[in-house]
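This report concerns only the one structure given below.
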Amino acid sequence: MADLIFPAPQPVLVPVTGGGFFPVRRVYCVGRNYAEHIREMGNDVREPPFFFAKPADAVVIDGAPIAYPPQTRDLQHEIELVVAIGRDGANIGEHAALEHVFGYAAGLDMTRRDLQAEAKKAGRPWSMAKGFDQSAPIGTIAPAKAIGHPATGAITLSVNGAERQRGDLGDQIWSVPETIAYLSRLVSLRAGDLILTGTPAGVSPVRRRDVLEGNIEGVGTVSTVIG
């Protein structure tokens, strides 16, 4: 065994419906994948998909609280379908993309919107706006063998019981197979990767003590409290 100079980080493990845990390797996120959200952010809907990343240890297990992050006055919620990759692949064809999916979950892409706006204006990366600590609460992963591959279904997010986001998986500009195929031409996908597939319209700020509850029809739920 290697002589480590300090203990290795513990793996990030997301519970799976029916038992077991999904070990997270990387977290990829699709930007601007619902037309109404693209319009509310003032962008053009006619562009190919692009991606950013969060570190694996940004993942927070469903129900655990998250701290309001430093250096922002505009923390916002984004409810998203999460695709859990269970089979390695590169240059994957759309026709074979779903063979690489282990399952699905509901997740949140928490965003320091003011930092993102500053980065956009300066032409800089979004990393500190998107990849900060506890920025990716993820619900329990439902295996595809149990629920299939949902292409339609309501996706919603409520804050303190009041609905703020509502869309349908069928509204995605880039489908899950298209997203997997496109991303796999940029990087090799590996078992343990998560892909957050974009958010519908209705993103808005949250405050300390707010309770966030997301639901994706046929997939599952995700919840957290802002500390």
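By order in the structure tokens, chains are A, B, ...; within a chain, residues start at 1; ligands start at 1, following the order shown.
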
Can you pull out every residue within 6 Å of stretch 144-153 of chain A, counting only C-alpha atoms, but drop anything in the same chain fewer than 3 positions away, and send it as an MDAnalysis selection string?
chainID A and resid 102:103 168:170 217

As a PyMOL selection string, which residues of stretch 18-160 of chain A does DSSP assign to strand (DSSP E or B)?
chain A and resi 21-23+27-31+34+50-54+59-61+66+75-76+79-85+89+101-108+111-112+136-138+141-143+154-159

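With distances restricted to only C-alpha atoms, A:Gln10 is the closest residue to A:Ala56 from A:Gln10, A:Thr17, A:Gln76, A:Gln71.
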
Contact residues around stretch 128-130 of chain A with only C-alpha atoms at 12 Å, ignoring same-chain residues under 5 positions, as a PyMOL selection string:
chain A and resi 27-31+51-55+58-59+69-78+108-120+135-136

Give me every alpha helix (DSSP H) residue in stretch 2-188 of chain A, going by DSSP on the backbone, as an mmCIF file with all heavy atoms, in the first residue's frame.
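The new file selection_11.cif reads:
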```cif
data_model
loop_
_atom_site.group_PDB
_atom_site.id
_atom_site.type_symbol
_atom_site.label_atom_id
_atom_site.label_comp_id
_atom_site.auth_asym_id
_atom_site.auth_seq_id
_atom_site.Cartn_x
_atom_site.Cartn_y
_atom_site.Cartn_z
ATOM 1 N N ALA A 35 -35.448 26.005 -22.673
ATOM 2 C CA ALA A 35 -35.576 27.267 -23.404
ATOM 3 C C ALA A 35 -36.064 28.416 -22.532
ATOM 4 O O ALA A 35 -35.553 29.530 -22.620
ATOM 5 C CB ALA A 35 -36.512 27.077 -24.598
ATOM 6 N N GLU A 36 -37.055 28.151 -21.666
ATOM 7 C CA GLU A 36 -37.599 29.243 -20.856
ATOM 8 C C GLU A 36 -36.561 29.767 -19.866
ATOM 9 O O GLU A 36 -36.514 30.967 -19.582
ATOM 10 C CB GLU A 36 -38.864 28.783 -20.117
ATOM 11 C CG GLU A 36 -40.062 28.561 -21.031
ATOM 12 C CD GLU A 36 -40.403 29.811 -21.838
ATOM 13 O OE1 GLU A 36 -40.430 30.911 -21.264
ATOM 14 O OE2 GLU A 36 -40.641 29.689 -23.057
ATOM 15 N N HIS A 37 -35.741 28.885 -19.326
ATOM 16 C CA HIS A 37 -34.680 29.342 -18.422
ATOM 17 C C HIS A 37 -33.638 30.146 -19.197
ATOM 18 O O HIS A 37 -33.118 31.159 -18.701
ATOM 19 C CB HIS A 37 -34.009 28.152 -17.738
ATOM 20 C CG HIS A 37 -32.801 28.521 -16.929
ATOM 21 N ND1 HIS A 37 -32.850 29.431 -15.891
ATOM 22 C CD2 HIS A 37 -31.508 28.116 -17.009
ATOM 23 C CE1 HIS A 37 -31.644 29.563 -15.367
ATOM 24 N NE2 HIS A 37 -30.801 28.785 -16.035
ATOM 25 N N ILE A 38 -33.314 29.723 -20.416
ATOM 26 C CA ILE A 38 -32.359 30.470 -21.234
ATOM 27 C C ILE A 38 -32.879 31.883 -21.477
ATOM 28 O O ILE A 38 -32.143 32.857 -21.371
ATOM 29 C CB ILE A 38 -32.120 29.740 -22.572
ATOM 30 C CG1 ILE A 38 -31.419 28.397 -22.317
ATOM 31 C CG2 ILE A 38 -31.293 30.593 -23.522
ATOM 32 C CD1 ILE A 38 -31.312 27.536 -23.553
ATOM 33 N N ARG A 39 -34.170 31.989 -21.778
ATOM 34 C CA ARG A 39 -34.750 33.307 -22.039
ATOM 35 C C ARG A 39 -34.743 34.165 -20.780
ATOM 36 O O ARG A 39 -34.487 35.377 -20.848
ATOM 37 C CB ARG A 39 -36.171 33.153 -22.582
ATOM 38 C CG ARG A 39 -36.236 32.501 -23.965
ATOM 39 C CD ARG A 39 -37.631 32.553 -24.557
ATOM 40 N NE ARG A 39 -37.687 31.872 -25.833
ATOM 41 C CZ ARG A 39 -38.143 30.630 -26.012
ATOM 42 N NH1 ARG A 39 -38.595 29.937 -24.981
ATOM 43 N NH2 ARG A 39 -38.158 30.077 -27.213
ATOM 44 N N GLU A 40 -35.047 33.557 -19.593
ATOM 45 C CA GLU A 40 -35.093 34.365 -18.379
ATOM 46 C C GLU A 40 -33.706 34.882 -17.989
ATOM 47 O O GLU A 40 -33.579 35.879 -17.300
ATOM 48 C CB GLU A 40 -35.722 33.592 -17.222
ATOM 49 C CG GLU A 40 -34.846 32.548 -16.574
ATOM 50 C CD GLU A 40 -35.500 31.885 -15.359
ATOM 51 O OE1 GLU A 40 -36.522 32.403 -14.872
ATOM 52 O OE2 GLU A 40 -34.989 30.839 -14.916
ATOM 53 N N ARG A 113 -25.123 33.452 -7.873
ATOM 54 C CA ARG A 113 -25.474 34.123 -9.126
ATOM 55 C C ARG A 113 -24.692 35.418 -9.327
ATOM 56 O O ARG A 113 -24.344 35.762 -10.462
ATOM 57 C CB ARG A 113 -26.976 34.404 -9.166
ATOM 58 C CG ARG A 113 -27.486 34.833 -10.534
ATOM 59 C CD ARG A 113 -27.487 33.673 -11.515
ATOM 60 N NE ARG A 113 -28.507 32.705 -11.188
ATOM 61 C CZ ARG A 113 -28.553 31.452 -11.640
ATOM 62 N NH1 ARG A 113 -27.589 31.009 -12.440
ATOM 63 N NH2 ARG A 113 -29.515 30.633 -11.298
ATOM 64 N N ASP A 114 -24.429 36.146 -8.265
ATOM 65 C CA ASP A 114 -23.680 37.395 -8.423
ATOM 66 C C ASP A 114 -22.251 37.121 -8.884
ATOM 67 O O ASP A 114 -21.721 37.828 -9.757
ATOM 68 C CB ASP A 114 -23.698 38.230 -7.144
ATOM 69 C CG ASP A 114 -23.445 37.429 -5.874
ATOM 70 O OD1 ASP A 114 -23.252 36.193 -5.952
ATOM 71 O OD2 ASP A 114 -23.434 38.046 -4.784
ATOM 72 N N LEU A 115 -21.636 36.066 -8.365
ATOM 73 C CA LEU A 115 -20.291 35.719 -8.819
ATOM 74 C C LEU A 115 -20.313 35.220 -10.260
ATOM 75 O O LEU A 115 -19.387 35.485 -11.034
ATOM 76 C CB LEU A 115 -19.670 34.660 -7.912
ATOM 77 C CG LEU A 115 -19.473 35.029 -6.440
ATOM 78 C CD1 LEU A 115 -18.584 33.996 -5.759
ATOM 79 C CD2 LEU A 115 -18.877 36.421 -6.287
ATOM 80 N N GLN A 116 -21.377 34.498 -10.615
ATOM 81 C CA GLN A 116 -21.498 34.033 -11.999
ATOM 82 C C GLN A 116 -21.638 35.221 -12.944
ATOM 83 O O GLN A 116 -21.010 35.257 -14.015
ATOM 84 C CB GLN A 116 -22.700 33.109 -12.147
ATOM 85 C CG GLN A 116 -22.823 32.504 -13.540
ATOM 86 C CD GLN A 116 -24.111 31.732 -13.726
ATOM 87 O OE1 GLN A 116 -25.153 32.076 -13.167
ATOM 88 N NE2 GLN A 116 -24.053 30.672 -14.528
ATOM 89 N N ALA A 117 -22.442 36.213 -12.567
ATOM 90 C CA ALA A 117 -22.630 37.389 -13.419
ATOM 91 C C ALA A 117 -21.321 38.147 -13.596
ATOM 92 O O ALA A 117 -20.996 38.602 -14.702
ATOM 93 C CB ALA A 117 -23.701 38.297 -12.816
ATOM 94 N N GLU A 118 -20.543 38.256 -12.518
ATOM 95 C CA GLU A 118 -19.260 38.939 -12.614
ATOM 96 C C GLU A 118 -18.303 38.171 -13.533
ATOM 97 O O GLU A 118 -17.582 38.775 -14.340
ATOM 98 C CB GLU A 118 -18.639 39.060 -11.221
ATOM 99 C CG GLU A 118 -19.376 40.020 -10.301
ATOM 100 C CD GLU A 118 -18.867 39.955 -8.875
ATOM 101 O OE1 GLU A 118 -17.845 39.261 -8.640
ATOM 102 O OE2 GLU A 118 -19.484 40.572 -7.996
ATOM 103 N N ALA A 119 -18.310 36.832 -13.413
ATOM 104 C CA ALA A 119 -17.435 36.014 -14.250
ATOM 105 C C ALA A 119 -17.820 36.125 -15.720
ATOM 106 O O ALA A 119 -16.957 36.233 -16.596
ATOM 107 C CB ALA A 119 -17.492 34.556 -13.794
ATOM 108 N N LYS A 120 -19.120 36.082 -15.998
ATOM 109 C CA LYS A 120 -19.588 36.222 -17.381
ATOM 110 C C LYS A 120 -19.131 37.557 -17.971
ATOM 111 O O LYS A 120 -18.625 37.616 -19.103
ATOM 112 C CB LYS A 120 -21.116 36.138 -17.432
ATOM 113 C CG LYS A 120 -21.705 34.765 -17.236
ATOM 114 C CD LYS A 120 -23.220 34.860 -17.336
ATOM 115 C CE LYS A 120 -23.894 33.518 -17.157
ATOM 116 N NZ LYS A 120 -25.372 33.636 -17.236
ATOM 117 N N LYS A 121 -19.312 38.623 -17.203
ATOM 118 C CA LYS A 121 -18.970 39.955 -17.694
ATOM 119 C C LYS A 121 -17.486 40.068 -18.000
ATOM 120 O O LYS A 121 -17.087 40.726 -18.976
ATOM 121 C CB LYS A 121 -19.378 40.997 -16.647
ATOM 122 C CG LYS A 121 -19.178 42.440 -17.098
ATOM 123 C CD LYS A 121 -19.691 43.418 -16.043
ATOM 124 C CE LYS A 121 -19.493 44.861 -16.493
ATOM 125 N NZ LYS A 121 -20.008 45.818 -15.469
ATOM 126 N N ALA A 122 -16.662 39.399 -17.187
ATOM 127 C CA ALA A 122 -15.211 39.474 -17.368
ATOM 128 C C ALA A 122 -14.666 38.382 -18.282
ATOM 129 O O ALA A 122 -13.466 38.348 -18.563
ATOM 130 C CB ALA A 122 -14.519 39.390 -16.011
ATOM 131 N N SER A 127 -16.155 28.667 -12.140
ATOM 132 C CA SER A 127 -15.859 27.663 -11.113
ATOM 133 C C SER A 127 -16.297 28.073 -9.716
ATOM 134 O O SER A 127 -16.922 27.297 -8.995
ATOM 135 C CB SER A 127 -14.363 27.343 -11.107
ATOM 136 O OG SER A 127 -13.951 26.818 -12.343
ATOM 137 N N MET A 128 -15.972 29.291 -9.292
ATOM 138 C CA MET A 128 -16.313 29.703 -7.937
ATOM 139 C C MET A 128 -17.783 30.068 -7.782
ATOM 140 O O MET A 128 -18.290 30.201 -6.664
ATOM 141 C CB MET A 128 -15.429 30.879 -7.508
ATOM 142 C CG MET A 128 -13.961 30.498 -7.341
ATOM 143 S SD MET A 128 -13.688 29.204 -6.088
ATOM 144 C CE MET A 128 -13.530 27.718 -7.109
ATOM 145 N N ALA A 129 -18.487 30.225 -8.892
ATOM 146 C CA ALA A 129 -19.925 30.469 -8.838
ATOM 147 C C ALA A 129 -20.724 29.173 -8.753
ATOM 148 O O ALA A 129 -21.855 29.154 -8.259
ATOM 149 C CB ALA A 129 -20.376 31.261 -10.061
ATOM 150 N N LYS A 130 -20.120 28.076 -9.232
ATOM 151 C CA LYS A 130 -20.848 26.808 -9.347
ATOM 152 C C LYS A 130 -20.251 25.673 -8.514
ATOM 153 O O LYS A 130 -20.982 24.798 -8.058
ATOM 154 C CB LYS A 130 -20.859 26.369 -10.817
ATOM 155 C CG LYS A 130 -21.733 27.226 -11.736
ATOM 156 C CD LYS A 130 -23.202 26.967 -11.497
ATOM 157 C CE LYS A 130 -24.075 27.548 -12.600
ATOM 158 N NZ LYS A 130 -25.510 27.211 -12.418
ATOM 159 N N ALA A 144 -32.087 2.616 -13.388
ATOM 160 C CA ALA A 144 -32.856 2.615 -14.633
ATOM 161 C C ALA A 144 -33.589 1.294 -14.826
ATOM 162 O O ALA A 144 -34.665 1.259 -15.434
ATOM 163 C CB ALA A 144 -31.930 2.890 -15.813
ATOM 164 N N LYS A 145 -33.041 0.204 -14.311
ATOM 165 C CA LYS A 145 -33.710 -1.085 -14.465
ATOM 166 C C LYS A 145 -35.033 -1.124 -13.724
ATOM 167 O O LYS A 145 -35.893 -1.960 -14.023
ATOM 168 C CB LYS A 145 -32.805 -2.218 -13.989
ATOM 169 C CG LYS A 145 -32.483 -2.201 -12.507
ATOM 170 C CD LYS A 145 -31.543 -3.340 -12.142
ATOM 171 C CE LYS A 145 -31.230 -3.343 -10.642
ATOM 172 N NZ LYS A 145 -30.292 -4.435 -10.294
ATOM 173 N N ALA A 146 -35.215 -0.189 -12.775
ATOM 174 C CA ALA A 146 -36.466 -0.122 -12.017
ATOM 175 C C ALA A 146 -37.431 0.913 -12.573
ATOM 176 O O ALA A 146 -38.651 0.709 -12.551
ATOM 177 C CB ALA A 146 -36.174 0.179 -10.552
ATOM 178 N N ILE A 147 -36.912 2.047 -13.074
ATOM 179 C CA ILE A 147 -37.800 3.136 -13.506
ATOM 180 C C ILE A 147 -37.725 3.409 -15.001
ATOM 181 O O ILE A 147 -38.472 4.252 -15.509
ATOM 182 C CB ILE A 147 -37.503 4.443 -12.740
ATOM 183 C CG1 ILE A 147 -36.115 5.001 -13.105
ATOM 184 C CG2 ILE A 147 -37.643 4.234 -11.240
ATOM 185 C CD1 ILE A 147 -35.878 6.422 -12.626
ATOM 186 N N VAL A 176 -31.213 13.325 -22.897
ATOM 187 C CA VAL A 176 -30.159 12.607 -22.183
ATOM 188 C C VAL A 176 -29.230 11.856 -23.144
ATOM 189 O O VAL A 176 -27.999 11.966 -23.038
ATOM 190 C CB VAL A 176 -30.760 11.665 -21.121
ATOM 191 C CG1 VAL A 176 -29.697 10.715 -20.563
ATOM 192 C CG2 VAL A 176 -31.384 12.481 -19.988
ATOM 193 N N PRO A 177 -29.740 11.088 -24.119
ATOM 194 C CA PRO A 177 -28.822 10.434 -25.056
ATOM 195 C C PRO A 177 -27.947 11.415 -25.829
ATOM 196 O O PRO A 177 -26.753 11.157 -26.036
ATOM 197 C CB PRO A 177 -29.757 9.665 -25.993
ATOM 198 C CG PRO A 177 -30.980 9.421 -25.195
ATOM 199 C CD PRO A 177 -31.132 10.652 -24.337
ATOM 200 N N GLU A 178 -28.524 12.535 -26.262
ATOM 201 C CA GLU A 178 -27.742 13.535 -26.987
ATOM 202 C C GLU A 178 -26.659 14.142 -26.094
ATOM 203 O O GLU A 178 -25.519 14.355 -26.529
ATOM 204 C CB GLU A 178 -28.664 14.632 -27.515
ATOM 205 C CG GLU A 178 -29.567 14.179 -28.647
ATOM 206 C CD GLU A 178 -30.606 15.222 -29.015
ATOM 207 O OE1 GLU A 178 -31.031 15.999 -28.128
ATOM 208 O OE2 GLU A 178 -31.006 15.268 -30.195
ATOM 209 N N THR A 179 -27.018 14.415 -24.845
ATOM 210 C CA THR A 179 -26.057 14.997 -23.909
ATOM 211 C C THR A 179 -24.902 14.050 -23.644
ATOM 212 O O THR A 179 -23.727 14.457 -23.660
ATOM 213 C CB THR A 179 -26.768 15.360 -22.594
ATOM 214 O OG1 THR A 179 -27.737 16.386 -22.842
ATOM 215 C CG2 THR A 179 -25.774 15.855 -21.554
ATOM 216 N N ILE A 180 -25.209 12.783 -23.385
ATOM 217 C CA ILE A 180 -24.159 11.794 -23.128
ATOM 218 C C ILE A 180 -23.245 11.669 -24.342
ATOM 219 O O ILE A 180 -22.012 11.656 -24.214
ATOM 220 C CB ILE A 180 -24.775 10.434 -22.761
ATOM 221 C CG1 ILE A 180 -25.447 10.514 -21.388
ATOM 222 C CG2 ILE A 180 -23.721 9.326 -22.784
ATOM 223 C CD1 ILE A 180 -26.233 9.283 -21.016
ATOM 224 N N ALA A 181 -23.832 11.566 -25.523
ATOM 225 C CA ALA A 181 -23.036 11.419 -26.737
ATOM 226 C C ALA A 181 -22.121 12.629 -26.944
ATOM 227 O O ALA A 181 -20.926 12.476 -27.247
ATOM 228 C CB ALA A 181 -23.944 11.228 -27.944
ATOM 229 N N TYR A 182 -22.651 13.822 -26.765
ATOM 230 C CA TYR A 182 -21.865 15.049 -26.967
ATOM 231 C C TYR A 182 -20.735 15.139 -25.945
ATOM 232 O O TYR A 182 -19.576 15.406 -26.296
ATOM 233 C CB TYR A 182 -22.790 16.262 -26.862
ATOM 234 C CG TYR A 182 -22.226 17.536 -27.454
ATOM 235 C CD1 TYR A 182 -22.637 17.982 -28.699
ATOM 236 C CD2 TYR A 182 -21.292 18.292 -26.753
ATOM 237 C CE1 TYR A 182 -22.129 19.157 -29.245
ATOM 238 C CE2 TYR A 182 -20.770 19.458 -27.281
ATOM 239 C CZ TYR A 182 -21.195 19.887 -28.535
ATOM 240 O OH TYR A 182 -20.671 21.048 -29.066
ATOM 241 N N LEU A 183 -21.062 14.921 -24.663
ATOM 242 C CA LEU A 183 -20.056 15.028 -23.613
ATOM 243 C C LEU A 183 -18.961 13.984 -23.782
ATOM 244 O O LEU A 183 -17.780 14.271 -23.540
ATOM 245 C CB LEU A 183 -20.728 14.882 -22.246
ATOM 246 C CG LEU A 183 -19.822 14.969 -21.014
ATOM 247 C CD1 LEU A 183 -19.055 16.286 -20.973
ATOM 248 C CD2 LEU A 183 -20.661 14.801 -19.742
ATOM 249 N N SER A 184 -19.340 12.780 -24.229
ATOM 250 C CA SER A 184 -18.350 11.702 -24.365
ATOM 251 C C SER A 184 -17.385 11.927 -25.514
ATOM 252 O O SER A 184 -16.393 11.204 -25.638
ATOM 253 C CB SER A 184 -19.062 10.355 -24.540
ATOM 254 O OG SER A 184 -19.619 10.219 -25.841
#
```

What lies within 9 Å of A:Pro137 using only C-alpha atoms, ignoring chain neighbours under 5 positions off, as a VMD selection string?
chain A and resid 58 to 66 106 to 110 222 to 224
